[in-house]
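Next comes upload_5.cif, with mmCIF, C-alpha atoms.
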data_target
loop_
_atom_site.group_PDB
_atom_site.id
_atom_site.type_symbol
_atom_site.label_atom_id
_atom_site.label_comp_id
_atom_site.auth_asym_id
_atom_site.auth_seq_id
_atom_site.Cartn_x
_atom_site.Cartn_y
_atom_site.Cartn_z
ATOM 1 C CA MET S 1 -2.085 23.995 -15.272
ATOM 2 C CA ASN S 2 -5.725 23.228 -16.027
ATOM 3 C CA VAL S 3 -7.521 20.915 -13.652
ATOM 4 C CA SER S 4 -10.962 19.445 -14.346
ATOM 5 C CA VAL S 5 -12.800 18.382 -11.197
ATOM 6 C CA LEU S 6 -15.752 16.065 -11.827
ATOM 7 C CA GLN S 7 -19.064 16.532 -10.095
ATOM 8 C CA PHE S 8 -21.680 13.799 -9.665
ATOM 9 C CA PRO S 9 -24.927 13.938 -7.689
ATOM 10 C CA GLY S 10 -23.676 13.378 -4.135
ATOM 11 C CA THR S 11 -20.104 14.619 -4.686
ATOM 12 C CA ASN S 12 -19.184 16.902 -1.765
ATOM 13 C CA CYS S 13 -15.443 17.617 -2.010
ATOM 14 C CA GLU S 14 -15.399 19.376 -5.389
ATOM 15 C CA TYR S 15 -15.109 22.891 -3.931
ATOM 16 C CA ASP S 16 -12.388 21.907 -1.412
ATOM 17 C CA THR S 17 -10.500 20.328 -4.307
ATOM 18 C CA LYS S 18 -10.985 23.439 -6.440
ATOM 19 C CA TYR S 19 -9.754 25.634 -3.570
ATOM 20 C CA ALA S 20 -6.672 23.461 -3.041
ATOM 21 C CA PHE S 21 -5.593 23.404 -6.696
ATOM 22 C CA GLU S 22 -6.325 27.117 -7.151
ATOM 23 C CA LYS S 23 -4.218 27.873 -4.099
ATOM 24 C CA LEU S 24 -1.354 26.056 -5.819
ATOM 25 C CA GLY S 25 -1.862 28.149 -8.957
ATOM 26 C CA ALA S 26 -4.012 25.971 -11.213
ATOM 27 C CA THR S 27 -7.055 26.998 -13.221
ATOM 28 C CA VAL S 28 -9.884 24.759 -12.106
ATOM 29 C CA ASN S 29 -13.109 23.843 -13.890
ATOM 30 C CA ILE S 30 -15.867 21.856 -12.256
ATOM 31 C CA VAL S 31 -17.275 19.444 -14.848
ATOM 32 C CA TRP S 32 -20.829 18.068 -14.546
ATOM 33 C CA HIS S 33 -21.205 14.289 -14.907
ATOM 34 C CA LYS S 34 -23.701 14.602 -17.754
ATOM 35 C CA ASP S 35 -21.157 16.347 -19.978
ATOM 36 C CA TYR S 36 -19.674 14.231 -22.755
ATOM 37 C CA GLU S 37 -16.353 16.032 -23.054
ATOM 38 C CA LEU S 38 -13.624 17.301 -20.784
ATOM 39 C CA PRO S 39 -12.486 20.915 -21.282
ATOM 40 C CA LYS S 40 -10.046 20.827 -24.237
ATOM 41 C CA ASP S 41 -6.958 22.001 -22.353
ATOM 42 C CA THR S 42 -7.315 19.632 -19.364
ATOM 43 C CA ASP S 43 -3.937 18.619 -17.857
ATOM 44 C CA LEU S 44 -5.328 16.714 -14.890
ATOM 45 C CA VAL S 45 -8.726 15.176 -14.117
ATOM 46 C CA VAL S 46 -9.607 14.931 -10.431
ATOM 47 C CA ILE S 47 -12.492 12.765 -9.267
ATOM 48 C CA PRO S 48 -13.178 14.186 -5.827
ATOM 49 C CA GLY S 49 -14.628 12.675 -2.678
ATOM 50 C CA GLY S 50 -18.222 12.415 -1.605
ATOM 51 C CA PHE S 51 -21.053 9.954 -1.951
ATOM 52 C CA SER S 52 -21.899 9.787 -5.640
ATOM 53 C CA TYR S 53 -25.405 8.335 -6.059
ATOM 54 C CA GLY S 54 -25.606 7.903 -2.289
ATOM 55 C CA ASP S 55 -23.136 5.000 -2.470
ATOM 56 C CA TYR S 56 -26.124 2.934 -3.642
ATOM 57 C CA LEU S 57 -25.381 -0.641 -4.737
ATOM 58 C CA ARG S 58 -21.621 -0.153 -4.136
ATOM 59 C CA SER S 59 -19.540 3.002 -3.726
ATOM 60 C CA GLY S 60 -18.761 4.304 -7.197
ATOM 61 C CA ALA S 61 -20.697 1.553 -9.013
ATOM 62 C CA ILE S 62 -23.247 3.866 -10.632
ATOM 63 C CA ALA S 63 -21.047 6.931 -11.148
ATOM 64 C CA ARG S 64 -18.670 4.941 -13.340
ATOM 65 C CA PHE S 65 -21.349 4.802 -16.056
ATOM 66 C CA ALA S 66 -21.835 8.596 -16.166
ATOM 67 C CA ASN S 67 -21.380 10.260 -19.582
ATOM 68 C CA ILE S 68 -18.209 12.035 -18.519
ATOM 69 C CA MET S 69 -16.523 8.765 -17.537
ATOM 70 C CA THR S 70 -16.270 7.709 -21.184
ATOM 71 C CA ALA S 71 -14.261 10.877 -21.806
ATOM 72 C CA VAL S 72 -12.124 10.146 -18.714
ATOM 73 C CA GLN S 73 -11.419 6.593 -19.974
ATOM 74 C CA GLU S 74 -10.296 8.024 -23.299
ATOM 75 C CA PHE S 75 -8.222 10.756 -21.633
ATOM 76 C CA ALA S 76 -6.485 8.177 -19.408
ATOM 77 C CA SER S 77 -5.858 5.767 -22.287
ATOM 78 C CA LYS S 78 -3.918 8.526 -24.059
ATOM 79 C CA GLY S 79 -1.731 9.020 -20.988
ATOM 80 C CA GLY S 80 -3.749 11.859 -19.419
ATOM 81 C CA LYS S 81 -3.286 12.208 -15.671
ATOM 82 C CA VAL S 82 -6.221 11.236 -13.449
ATOM 83 C CA LEU S 83 -6.423 11.476 -9.655
ATOM 84 C CA GLY S 84 -9.230 9.881 -7.628
ATOM 85 C CA ILE S 85 -9.618 10.888 -4.008
ATOM 86 C CA CYS S 86 -11.768 8.780 -1.671
ATOM 87 C CA ASN S 87 -15.038 8.250 -3.595
ATOM 88 C CA GLY S 88 -13.004 9.175 -6.685
ATOM 89 C CA PHE S 89 -10.671 6.242 -5.935
ATOM 90 C CA GLN S 90 -13.704 3.963 -5.540
ATOM 91 C CA ILE S 91 -15.071 5.151 -8.908
ATOM 92 C CA LEU S 92 -11.702 4.472 -10.617
ATOM 93 C CA LEU S 93 -11.691 0.924 -9.184
ATOM 94 C CA GLU S 94 -15.274 0.293 -10.333
ATOM 95 C CA ALA S 95 -14.395 1.698 -13.763
ATOM 96 C CA GLY S 96 -11.434 -0.671 -14.036
ATOM 97 C CA LEU S 97 -9.005 2.233 -14.430
ATOM 98 C CA LEU S 98 -7.275 0.950 -11.303
ATOM 99 C CA PRO S 99 -7.027 -2.708 -10.192
ATOM 100 C CA GLY S 100 -8.739 -4.186 -7.110
ATOM 101 C CA ALA S 101 -11.913 -3.335 -5.220
ATOM 102 C CA MET S 102 -13.111 -1.694 -2.011
ATOM 103 C CA LYS S 103 -14.867 -3.498 0.811
ATOM 104 C CA ARG S 104 -16.560 -2.042 3.873
ATOM 105 C CA ASN S 105 -14.028 -1.026 6.581
ATOM 106 C CA ASN S 106 -13.308 -4.052 8.764
ATOM 107 C CA THR S 107 -14.339 -2.009 11.813
ATOM 108 C CA LEU S 108 -17.718 -1.589 10.037
ATOM 109 C CA HIS S 109 -17.532 2.055 11.115
ATOM 110 C CA PHE S 110 -17.290 5.239 9.103
ATOM 111 C CA ILE S 111 -13.779 6.480 9.978
ATOM 112 C CA SER S 112 -13.198 10.245 9.990
ATOM 113 C CA LYS S 113 -9.924 11.500 11.476
ATOM 114 C CA TYR S 114 -6.340 12.513 10.742
ATOM 115 C CA HIS S 115 -4.182 9.491 9.992
ATOM 116 C CA HIS S 116 -0.505 9.062 9.144
ATOM 117 C CA LEU S 117 0.590 7.817 5.764
ATOM 118 C CA LYS S 118 3.932 6.559 4.556
ATOM 119 C CA VAL S 119 5.259 7.222 1.059
ATOM 120 C CA ILE S 120 6.135 3.826 -0.428
ATOM 121 C CA ASN S 121 7.003 4.804 -3.990
ATOM 122 C CA ASN S 122 7.750 8.321 -5.243
ATOM 123 C CA ASP S 123 8.743 7.266 -8.762
ATOM 124 C CA ASN S 124 5.666 8.920 -10.284
ATOM 125 C CA VAL S 125 4.403 12.442 -11.004
ATOM 126 C CA PHE S 126 2.054 12.443 -8.023
ATOM 127 C CA LEU S 127 4.577 11.863 -5.225
ATOM 128 C CA LYS S 128 7.790 13.016 -6.902
ATOM 129 C CA GLU S 129 8.113 15.985 -4.505
ATOM 130 C CA LEU S 130 8.304 13.555 -1.581
ATOM 131 C CA ASN S 131 10.850 10.929 -0.523
ATOM 132 C CA ASN S 132 10.182 7.251 0.044
ATOM 133 C CA GLY S 133 9.584 6.750 3.746
ATOM 134 C CA ASP S 134 8.241 10.290 4.291
ATOM 135 C CA ILE S 135 5.394 10.398 6.788
ATOM 136 C CA LEU S 136 2.380 12.605 6.129
ATOM 137 C CA ASN S 137 -0.593 13.463 8.294
ATOM 138 C CA ILE S 138 -3.728 13.561 6.148
ATOM 139 C CA PRO S 139 -7.442 13.311 7.015
ATOM 140 C CA VAL S 140 -9.386 10.181 6.099
ATOM 141 C CA ALA S 141 -13.193 10.037 5.925
ATOM 142 C CA HIS S 142 -14.728 6.882 4.512
ATOM 143 C CA HIS S 143 -16.837 3.793 5.106
ATOM 144 C CA ASP S 144 -15.546 1.650 2.245
ATOM 145 C CA GLY S 145 -11.762 1.940 2.234
ATOM 146 C CA ASN S 146 -10.835 -1.674 2.884
ATOM 147 C CA TYR S 147 -8.779 -2.251 -0.261
ATOM 148 C CA TYR S 148 -8.759 -5.776 -1.670
ATOM 149 C CA ILE S 149 -6.945 -7.425 -4.545
ATOM 150 C CA ASP S 150 -6.187 -11.124 -5.121
ATOM 151 C CA ASP S 151 -2.685 -12.573 -4.527
ATOM 152 C CA GLU S 152 -1.729 -12.379 -8.174
ATOM 153 C CA GLY S 153 -2.867 -8.755 -8.398
ATOM 154 C CA LEU S 154 -0.932 -7.842 -5.266
ATOM 155 C CA LYS S 155 2.242 -9.323 -6.725
ATOM 156 C CA GLU S 156 1.731 -7.242 -9.871
ATOM 157 C CA LEU S 157 1.285 -4.068 -7.810
ATOM 158 C CA GLU S 158 4.462 -4.780 -5.870
ATOM 159 C CA LYS S 159 6.465 -5.721 -8.937
ATOM 160 C CA ASN S 160 5.514 -2.575 -10.837
ATOM 161 C CA GLY S 161 5.883 -0.158 -7.927
ATOM 162 C CA GLN S 162 2.178 0.658 -8.004
ATOM 163 C CA ILE S 163 1.707 0.757 -4.229
ATOM 164 C CA LEU S 164 2.205 4.436 -3.408
ATOM 165 C CA LEU S 165 0.960 5.016 0.131
ATOM 166 C CA LYS S 166 0.327 2.916 3.223
ATOM 167 C CA TYR S 167 -1.328 3.664 6.554
ATOM 168 C CA CYS S 168 1.152 3.948 9.427
ATOM 169 C CA ASP S 169 1.622 5.411 12.885
ATOM 170 C CA GLU S 170 3.466 8.686 13.521
ATOM 171 C CA LYS S 171 6.811 6.864 13.543
ATOM 172 C CA GLY S 172 6.155 5.210 10.210
ATOM 173 C CA ASN S 173 5.309 1.719 11.443
ATOM 174 C CA GLU S 174 2.687 0.285 9.116
ATOM 175 C CA LYS S 175 -0.619 -0.006 10.840
ATOM 176 C CA SER S 176 -4.062 -1.374 10.083
ATOM 177 C CA MET S 177 -6.645 1.382 9.845
ATOM 178 C CA ASN S 178 -9.624 -0.106 8.002
ATOM 179 C CA GLY S 179 -8.512 -3.666 7.216
ATOM 180 C CA SER S 180 -7.001 -2.614 3.893
ATOM 181 C CA LEU S 181 -4.759 -5.301 2.382
ATOM 182 C CA GLU S 182 -1.091 -4.648 3.266
ATOM 183 C CA HIS S 183 -2.312 -1.341 4.810
ATOM 184 C CA ILE S 184 -2.638 0.090 1.297
ATOM 185 C CA ALA S 185 -3.956 3.667 1.197
ATOM 186 C CA GLY S 186 -3.095 4.638 -2.384
ATOM 187 C CA ILE S 187 -2.080 3.023 -5.667
ATOM 188 C CA CYS S 188 -1.563 3.870 -9.330
ATOM 189 C CA ASN S 189 -2.002 1.999 -12.609
ATOM 190 C CA LYS S 190 0.860 0.254 -14.343
ATOM 191 C CA GLU S 191 1.389 3.179 -16.725
ATOM 192 C CA LYS S 192 1.589 5.554 -13.717
ATOM 193 C CA ASN S 193 -0.877 8.128 -14.994
ATOM 194 C CA VAL S 194 -3.965 7.124 -12.979
ATOM 195 C CA PHE S 195 -3.780 7.571 -9.192
ATOM 196 C CA GLY S 196 -6.169 6.743 -6.381
ATOM 197 C CA LEU S 197 -6.032 7.249 -2.645
ATOM 198 C CA MET S 198 -8.555 7.149 0.199
ATOM 199 C CA PRO S 199 -7.104 10.022 2.335
ATOM 200 C CA HIS S 200 -7.943 13.636 1.464
ATOM 201 C CA PRO S 201 -4.830 15.742 0.657
ATOM 202 C CA GLU S 202 -7.125 18.634 -0.355
ATOM 203 C CA ARG S 203 -8.259 18.861 3.273
ATOM 204 C CA ALA S 204 -4.693 19.366 4.511
ATOM 205 C CA ILE S 205 -3.456 22.481 2.741
ATOM 206 C CA GLU S 206 -3.683 25.186 5.434
ATOM 207 C CA THR S 207 -1.673 25.115 8.679
ATOM 208 C CA LEU S 208 -4.410 27.322 10.119
ATOM 209 C CA LEU S 209 -6.796 24.404 9.659
ATOM 210 C CA GLY S 210 -4.466 21.855 11.235
ATOM 211 C CA CYS S 211 -1.962 20.689 8.648
ATOM 212 C CA ASP S 212 -0.605 21.442 5.180
ATOM 213 C CA ASP S 213 0.977 18.090 4.326
ATOM 214 C CA GLY S 214 -1.439 17.777 1.410
ATOM 215 C CA VAL S 215 0.366 20.583 -0.442
ATOM 216 C CA LYS S 216 3.467 18.420 -0.990
ATOM 217 C CA MET S 217 1.286 15.737 -2.535
ATOM 218 C CA LEU S 218 -0.789 17.870 -4.890
ATOM 219 C CA GLN S 219 2.258 19.936 -5.929
ATOM 220 C CA GLY S 220 3.648 16.888 -7.697
ATOM 221 C CA PHE S 221 1.187 17.426 -10.552
ATOM 222 C CA PHE S 222 2.663 20.853 -11.287
ATOM 223 C CA LYS S 223 5.670 21.037 -13.545
ATOM 224 C CA MET Y 1 -41.475 -12.797 -14.679
ATOM 225 C CA LYS Y 2 -39.109 -11.905 -11.899
ATOM 226 C CA ALA Y 3 -35.380 -12.264 -11.333
ATOM 227 C CA ILE Y 4 -34.005 -12.742 -7.830
ATOM 228 C CA VAL Y 5 -30.308 -11.892 -7.774
ATOM 229 C CA ASN Y 6 -28.225 -12.718 -4.714
ATOM 230 C CA VAL Y 7 -24.824 -11.053 -4.458
ATOM 231 C CA ALA Y 8 -22.254 -11.895 -1.774
ATOM 232 C CA LEU Y 9 -18.515 -11.707 -1.229
ATOM 233 C CA LYS Y 10 -16.602 -14.599 -2.768
ATOM 234 C CA GLN Y 11 -15.409 -17.453 -0.585
ATOM 235 C CA GLY Y 12 -11.894 -16.520 0.439
ATOM 236 C CA VAL Y 13 -12.651 -12.789 0.634
ATOM 237 C CA LEU Y 14 -12.977 -11.917 4.318
ATOM 238 C CA ASP Y 15 -16.596 -10.964 5.090
ATOM 239 C CA ASP Y 16 -16.339 -8.570 8.050
ATOM 240 C CA GLN Y 17 -20.098 -7.974 8.215
ATOM 241 C CA GLY Y 18 -20.718 -11.723 8.265
ATOM 242 C CA LYS Y 19 -18.092 -12.145 10.966
ATOM 243 C CA ALA Y 20 -19.595 -9.398 13.148
ATOM 244 C CA THR Y 21 -23.092 -10.863 12.683
ATOM 245 C CA HIS Y 22 -21.770 -14.320 13.570
ATOM 246 C CA HIS Y 23 -20.250 -12.914 16.738
ATOM 247 C CA ALA Y 24 -23.533 -11.203 17.654
ATOM 248 C CA LEU Y 25 -25.467 -14.449 17.109
ATOM 249 C CA ASP Y 26 -22.962 -16.258 19.329
ATOM 250 C CA THR Y 27 -23.521 -13.810 22.165
ATOM 251 C CA LEU Y 28 -27.306 -14.154 21.747
ATOM 252 C CA GLY Y 29 -27.082 -17.849 22.533
ATOM 253 C CA PHE Y 30 -26.917 -19.387 19.056
ATOM 254 C CA LYS Y 31 -23.287 -20.432 19.304
ATOM 255 C CA GLN Y 32 -24.074 -24.148 19.189
ATOM 256 C CA ILE Y 33 -25.891 -24.116 15.868
ATOM 257 C CA VAL Y 34 -24.166 -21.359 13.889
ATOM 258 C CA LYS Y 35 -21.210 -22.465 11.783
ATOM 259 C CA GLU Y 36 -20.694 -19.507 9.444
ATOM 260 C CA VAL Y 37 -22.514 -16.289 8.534
ATOM 261 C CA ARG Y 38 -22.159 -14.437 5.284
ATOM 262 C CA VAL Y 39 -23.915 -11.149 4.548
ATOM 263 C CA GLY Y 40 -24.943 -10.340 1.008
ATOM 264 C CA LYS Y 41 -27.653 -8.435 -0.786
ATOM 265 C CA GLN Y 42 -30.691 -9.368 -2.807
ATOM 266 C CA ILE Y 43 -31.813 -7.480 -5.902
ATOM 267 C CA ILE Y 44 -35.318 -8.202 -7.199
ATOM 268 C CA ILE Y 45 -36.008 -7.287 -10.816
ATOM 269 C CA GLU Y 46 -39.457 -7.349 -12.414
ATOM 270 C CA LEU Y 47 -39.015 -8.349 -16.048
ATOM 271 C CA THR Y 48 -41.123 -7.780 -19.125
ATOM 272 C CA SER Y 49 -39.804 -10.926 -20.803
ATOM 273 C CA ASN Y 50 -41.709 -14.229 -20.856
ATOM 274 C CA ASN Y 51 -38.750 -16.270 -22.015
ATOM 275 C CA LYS Y 52 -36.866 -17.761 -19.062
ATOM 276 C CA GLU Y 53 -33.628 -18.479 -20.882
ATOM 277 C CA GLU Y 54 -33.511 -15.098 -22.552
ATOM 278 C CA ALA Y 55 -34.291 -13.405 -19.223
ATOM 279 C CA TYR Y 56 -31.495 -15.345 -17.510
ATOM 280 C CA GLU Y 57 -28.968 -14.283 -20.153
ATOM 281 C CA GLU Y 58 -29.997 -10.635 -19.880
ATOM 282 C CA VAL Y 59 -29.843 -10.647 -16.066
ATOM 283 C CA LYS Y 60 -26.443 -12.315 -16.248
ATOM 284 C CA LYS Y 61 -25.224 -9.383 -18.360
ATOM 285 C CA MET Y 62 -26.657 -6.988 -15.757
ATOM 286 C CA CYS Y 63 -24.704 -8.788 -13.032
ATOM 287 C CA GLU Y 64 -21.440 -8.719 -14.938
ATOM 288 C CA LYS Y 65 -21.846 -5.054 -15.859
ATOM 289 C CA LEU Y 66 -23.328 -3.489 -12.747
ATOM 290 C CA LEU Y 67 -25.033 -5.596 -10.082
ATOM 291 C CA ALA Y 68 -21.932 -7.438 -8.844
ATOM 292 C CA ASN Y 69 -18.287 -6.424 -8.636
ATOM 293 C CA THR Y 70 -16.767 -9.690 -9.791
ATOM 294 C CA VAL Y 71 -13.373 -8.768 -8.333
ATOM 295 C CA ILE Y 72 -14.787 -9.509 -4.868
ATOM 296 C CA GLU Y 73 -18.353 -10.768 -5.325
ATOM 297 C CA ASP Y 74 -20.194 -13.820 -6.660
ATOM 298 C CA TYR Y 75 -23.781 -13.707 -7.852
ATOM 299 C CA ASN Y 76 -26.606 -16.160 -8.216
ATOM 300 C CA ILE Y 77 -29.673 -15.677 -10.434
ATOM 301 C CA GLU Y 78 -33.092 -17.229 -9.994
ATOM 302 C CA ILE Y 79 -35.840 -16.587 -12.554
ATOM 303 C CA ILE Y 80 -39.348 -16.991 -11.170
ATOM 304 C CA GLY Y 81 -42.778 -17.118 -12.843
#

Take the structure in the file and give it back as C-alpha cells.
Amino acid sequence: MNVSVLQFPGTNCEYDTKYAFEKLGATVNIVWHKDYELPKDTDLVVIPGGFSYGDYLRSGAIARFANIMTAVQEFASKGGKVLGICNGFQILLEAGLLPGAMKRNNTLHFISKYHHLKVINNDNVFLKELNNGDILNIPVAHHDGNYYIDDEGLKELEKNGQILLKYCDEKGNEKSMNGSLEHIAGICNKEKNVFGLMPHPERAIETLLGCDDGVKMLQGFFK
Amino acid sequence: MKAIVNVALKQGVLDDQGKATHHALDTLGFKQIVKEVRVGKQIIIELTSNNKEEAYEEVKKMCEKLLANTVIEDYNIEIIG
C-alpha cells in the first residue's frame, strides 16, 4: 500500500505518521504542500497533525488553499481514501471535504493526554478491524477540537452512520472532553472515503511507548 | 481606502471565550452592567481601490472564501475613507 503524507509549514506529525504506516508495511511518501500532484500510485492520503501556518486565522484555514489540496479534492472526488488526523481533520473541515467546523476547546486549554474513545460505527474501511462499542486509548493533543455542526447536519451524520468515534471514559460511558457536540471525536463523509479524527492513532503504535491501540485503527486501511 | 472586517461566532453557537470573559468581568465587579460578552476578531485590510461599492464586493468575497468560516461565524464589513 502506498501512503502519501502531506507536509505544510508547521506540520509536525508527518514523521510519526510515516513511521506508523511503515511499521504496518506501507510505502510512505511525504508530499510537500507546494506540489501540484500526488504520487501516481497513492492508495491513501494522510493529512497529519501539527500547526499548519501557525493556526493563523483559524486552524486549517490557510492550508486548505495549498496547491496540493486541489489534487486531494480531485483524489477524494474519485473515491480515493483520505485520512485527516488532528490538524488534518481541521484542514478537511475547512476544505469542505468533511461537514461541520472546529471551535476552541470549551475549557479554553490546549489538551494533551491519553483519552478513551468508543467506536460508534465500524461500517467503513477505517474502523472495519474493530467492533462497535470497542474502547480505545489514544492520545489527544489539540486546542481546537470542539466539533460543531448545526442540528440538520447532525441529523444527517447520524442517519448516514458518519459518526465514527466518540470520547468516553474507560468503561465506555460517553464523556465531554473539549465540548465537542455529542462528544464527537471522529467522522467521515457520506461516501465513506474521507475520514477525520482529533486523536492521534499514529502516537499509539508501540506498547513500549504506552499503548498500541492505534494499530487496530490504521490497519483498517490495509487490504 | 480601508476595510474593517469583524468576525464572530454566530448567535446560537456557544461562545466559550465570551462566556469565560463574561465570568471574569463579573468577578471584577462589573456584574451589574454586563449582559453578554462575545469574543471575535478584527481584520483590517488596506485597499488600493477608490470605489467603495467595488471594494465592499471584493471584501465580501474574501470573507466568504477565507476570512470567516460561515459554518460557525458571521462577518461584518465596514469600508472607510

Name all residues at most 10 Å from region 65-70 of chain S (count all atoms listed in the file; drop same-chain ones fewer than 6 positions away) and give them as a count of residues only.
18

I need the chain S residues near chain Y as an MDAnalysis selection string; criterion: at most 8 Å, counting only C-alpha atoms.
chainID S and resid 57 61:62 94 100:101 104 106:108 148:149

Nearest to Gly50 (chain S), chosen from S:Asp169, S:Glu202, S:Glu14, S:Asp151, with all atoms listed in the file counted in the distances:
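Going through S:Asp169, S:Glu202, S:Glu14, S:Asp151 one by one, the smallest distance to Gly50 (chain S) is for S:Glu14.
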
Any chance you could work out the residue set of the PyMOL selection byres ((chain Y and resi 47) around 10) here, as an NGL selection string?
:Y and (1-3 or 44-46 or 48-51 or 55 or 59 or 79-80)

Determine the residue membership of the PyMOL selection byres ((chain Y and resi 37) around 6) for the file above and supply it as a list in words.
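With the shown file as input, the PyMOL selection byres ((chain Y and resi 37) around 6) matches Gly18, His22, Glu36 and Arg38 of chain Y.
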
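Between Asn12 (chain S) and the residues S:Ala26, S:Phe195, S:Leu127, S:Phe51, the shortest atom-to-atom distance, using all atoms listed in the file, involves S:Phe51.
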
Show which residues sit within 10 Å of Ser180 (chain S), as number ranges by chain. Count only C-alpha atoms, and ignore same-chain residues fewer than 2 positions away.
S: 102-106, 144-149, 166-167, 175-178, 182-185

Which of these, S:Leu208, S:Leu130, S:Cys188, S:Val140, has the shortest distance to Gly49 (chain S) once you count all atoms listed in the file?
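Using all atoms listed in the file, the shortest distance to Gly49 (chain S) belongs to S:Val140.
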
For the atom pair CA of Ile135 (chain S) and CA of Ala204 (chain S), what is the interatomic distance in Å to one decimal place?
13.7 Å

Between CA of Ala8 (chain Y) and CA of Gly40 (chain Y), distance in Å (one decimal):
4.2 Å

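Take CA of Val125 (chain S) and CA of Gly84 (chain S): the distance between them is 14.3 Å.
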
Which residue is closest to Ile4 (chain Y)? Choose from Y:Glu57, Y:Gln32, Y:Gln42, Y:His23 and count all atoms listed in the file.
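Ranked by minimum distance to Ile4 (chain Y), first place goes to Y:Gln42.
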
Selection under test: the PyMOL selection byres ((chain S and resi 157) around 12); residues as a PyMOL selection string
chain S and resi 98-100+120-121+148-156+158-164+181-182+184+186-192

Convert the current residue selection to file output with C-alpha atoms, as a JSON list (two decimals), in the coordinates of the input.
[["chain", "number", "residue", "atom", "x", "y", "z"],
["S", 98, "LEU", "CA", -7.28, 0.95, -11.30],
["S", 99, "PRO", "CA", -7.03, -2.71, -10.19],
["S", 100, "GLY", "CA", -8.74, -4.19, -7.11],
["S", 120, "ILE", "CA", 6.14, 3.83, -0.43],
["S", 121, "ASN", "CA", 7.00, 4.80, -3.99],
["S", 148, "TYR", "CA", -8.76, -5.78, -1.67],
["S", 149, "ILE", "CA", -6.94, -7.42, -4.54],
["S", 150, "ASP", "CA", -6.19, -11.12, -5.12],
["S", 151, "ASP", "CA", -2.68, -12.57, -4.53],
["S", 152, "GLU", "CA", -1.73, -12.38, -8.17],
["S", 153, "GLY", "CA", -2.87, -8.76, -8.40],
["S", 154, "LEU", "CA", -0.93, -7.84, -5.27],
["S", 155, "LYS", "CA", 2.24, -9.32, -6.72],
["S", 156, "GLU", "CA", 1.73, -7.24, -9.87],
["S", 158, "GLU", "CA", 4.46, -4.78, -5.87],
["S", 159, "LYS", "CA", 6.46, -5.72, -8.94],
["S", 160, "ASN", "CA", 5.51, -2.58, -10.84],
["S", 161, "GLY", "CA", 5.88, -0.16, -7.93],
["S", 162, "GLN", "CA", 2.18, 0.66, -8.00],
["S", 163, "ILE", "CA", 1.71, 0.76, -4.23],
["S", 164, "LEU", "CA", 2.20, 4.44, -3.41],
["S", 181, "LEU", "CA", -4.76, -5.30, 2.38],
["S", 182, "GLU", "CA", -1.09, -4.65, 3.27],
["S", 184, "ILE", "CA", -2.64, 0.09, 1.30],
["S", 186, "GLY", "CA", -3.10, 4.64, -2.38],
["S", 187, "ILE", "CA", -2.08, 3.02, -5.67],
["S", 188, "CYS", "CA", -1.56, 3.87, -9.33],
["S", 189, "ASN", "CA", -2.00, 2.00, -12.61],
["S", 190, "LYS", "CA", 0.86, 0.25, -14.34],
["S", 191, "GLU", "CA", 1.39, 3.18, -16.73],
["S", 192, "LYS", "CA", 1.59, 5.55, -13.72]]

Would you please work out which residue, of S:Gly60, S:Asn193, S:Gly80, S:Glu74, is nearest to Asp123 (chain S) when using all atoms listed in the file?
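Using all atoms listed in the file, Asp123 (chain S) sits closest to S:Asn193.
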
Please list as a ChimeraX atom specification every residue within 6 Å of Val119 (chain S), counting only C-alpha atoms and excluding residues in the same chain fewer than 6 positions away.
/S:132-134,165

I want to know what sits within 12 Å of Tyr19 (chain S), based on all atoms listed in the file, with residues of the same chain fewer than 2 positions away left out; could you give that as a PyMOL selection string?
chain S and resi 3+5+13-17+21-30+201-206+215+218
